[in-house]
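Before any comments, here is the structure.
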Amino acid sequence: MITLRNVKKSYRDGDHERTVLAIEALELGDCSQWALVGPSGSGKSTLLHLLAGLTRAQEGVIQIDGTDLTACRESQLDEFRAAHVGYVMQNFSLLPTLRARDNILAGAFFARTSDRDRADAAEELLRSVGLPERGHQLPRELSMGEQQRVAVARALIKNPDYIFADEPTASLDRATGMAVIELLQERARAAGATLIVATHDKDVAAKLDGTIRLEGGRLCCAK
C-alpha cells in the first residue's frame with residue numbers, strides 16, 4: 001500500500017520558493033497498475049522520485065508498506081530502494097563503462113540470489129526486451145531505444161515490489177513500446193508488484209488499470 005498525506009515538494013528559485021508538487025491525499029493498493037499522466041511540468045517525475053526515495057518532501061508523509069520514507073535516513077532509503085524498488089529513469093542512467101548485460105546485473109547488486117541465477121535472469125531479460133545479441137555492447141554503442149530497453153530490464157531483474165517507470169516508451173517505436181509496457185505489466189503481475197508508469201501516450205495509459213492525473217503539481221484524480 002502506498003499512502004501520501006499532505007505532501008509538498010518545493011525548490012528554491014532565487015529568492016522565491018517554487019512548489020512543484022502538493023498532494024493532500026493519495027492511496028494506491030497493492031498489486032495495482034497505474035498510468036501517471038499530466039502535462040509536462042505537472043510533477044510526474046517528482047512524484048516518482050519521491051515514491052522511490054530519490055528526493056525528499058519538505059512536508060507530509062509518504063508511507064509504503066508501513067515504511068515512512070519521510071522519516072528515513074539516507075542509508076535507510078538506499079536499503080529500501082535496493083530491497084523493493086525497480087526504477088526506469090527517463091534518461092536511462094546507464095553506467096557508461098559497463099556493457100548492457102552488466103548494466104542489467106547492476107540492478108540486482110544487492111539481491112539475495114546466486115551469481116548464476118542473476119546471470120540467467122539477465123540473459124532472459126535481454127531476450128524479453130528483444131536484445132539477445134546486444135548484451136556485450138557498451139551504452140554508447142546502443143541506440144536510444146536499445147538503451148531504454150536495457151534500463152527496463154535493469155529495473156526488473158530483482159523482481160521488485162514496486163516498479164516506477166518514467167516515460168519508458170519515449171524512445172521506442174509503437175510496436176516495441178507496447179511490447180515493453182506488456183512486459184512491465186506481466187512482470188508486475190507475476191511478482192505481485194505495484195506498477196506506476198509516467199506517460200504522455202494515451203495508448204500506453206489505456207493499458208494500465210487506473211489513472212493518476214496531475215496538473216500544476218496538484219492531484220486532479222486517481223481512479
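How things are named: the first chain in the C-alpha cells is A, the next is B, and so on; residues count from 1 in each chain; ligands count from 1 in the order shown.
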
Could you please write out, as a ChimeraX atom specification, every residue of range 7-203 of chain A that DSSP assigns to strand (DSSP E)? /A:7-13,16-28,33-37,59-64,67-68,85-88,162-166,194-198

Close residues, Leu138 in chain A itself excluded, 7 Å, only C-alpha atoms, min 4 positions apart in chain, as a ChimeraX atom specification: /A:96-100,142

Take the residues that were just selected and, keeping C-alpha atoms, output them as a PDB file, in the first residue's frame.
ATOM      1  CA  PRO A  96      28.844   4.161 -19.446  1.00  0.00           C
ATOM      2  CA  THR A  97      31.734   1.777 -18.731  1.00  0.00           C
ATOM      3  CA  LEU A  98      29.534  -1.296 -18.232  1.00  0.00           C
ATOM      4  CA  ARG A  99      28.223  -3.448 -21.049  1.00  0.00           C
ATOM      5  CA  ALA A 100      24.474  -3.871 -21.437  1.00  0.00           C
ATOM      6  CA  LEU A 142      23.436   1.188 -28.461  1.00  0.00           C
TER       7      LEU A 142
END

Which residues are close to Ala106 in chain A, i.e. within 10 Å by only C-alpha atoms, leaving aside same-chain residues fewer than 5 positions away? Reply as a PyMOL selection string. chain A and resi 94-95+98+100-101+111+118+122+154-155+157-158

Please list as an MDAnalysis selection string every residue within 10 Å of Ala22 in chain A, counting only C-alpha atoms and excluding residues in the same chain fewer than 5 positions away. chainID A and resid 5:10 43 47 57 59:60 214 216:219

Pull the closest atom pair for each residue of range 95-154 of chain A that gets at most 10 Å from range 63-85 of chain A, along with the distance in Å to one decimal, counting only C-alpha atoms, ordering rows by chain and then ascending residue number, as CSV.
residue,atom,partner,partner_atom,distance
A:Gly107,CA,A:Ala82,CA,8.3
A:Ala108,CA,A:Ala82,CA,8.1
A:Phe109,CA,A:Ala82,CA,8.3
A:Phe110,CA,A:Ala82,CA,6.3
A:Ala111,CA,A:Ala83,CA,7.3
A:Arg112,CA,A:Ala83,CA,9.4

Out of A:Asp102, A:Glu146, A:Glu186, A:Asp166, which residue has the shortest atom-to-atom distance to Ala52 in chain A when counting only C-alpha atoms?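 Going through A:Asp102, A:Glu146, A:Glu186, A:Asp166 one by one, the smallest distance to Ala52 in chain A is for A:Asp166.
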
Which residue, A:Asp203, A:Glu24, A:Arg18, A:Ser42, has the smallest gap to Thr3 in chain A when you use only C-alpha atoms?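 Between A:Asp203, A:Glu24, A:Arg18, A:Ser42, the residue approaching Thr3 in chain A most closely is A:Glu24.
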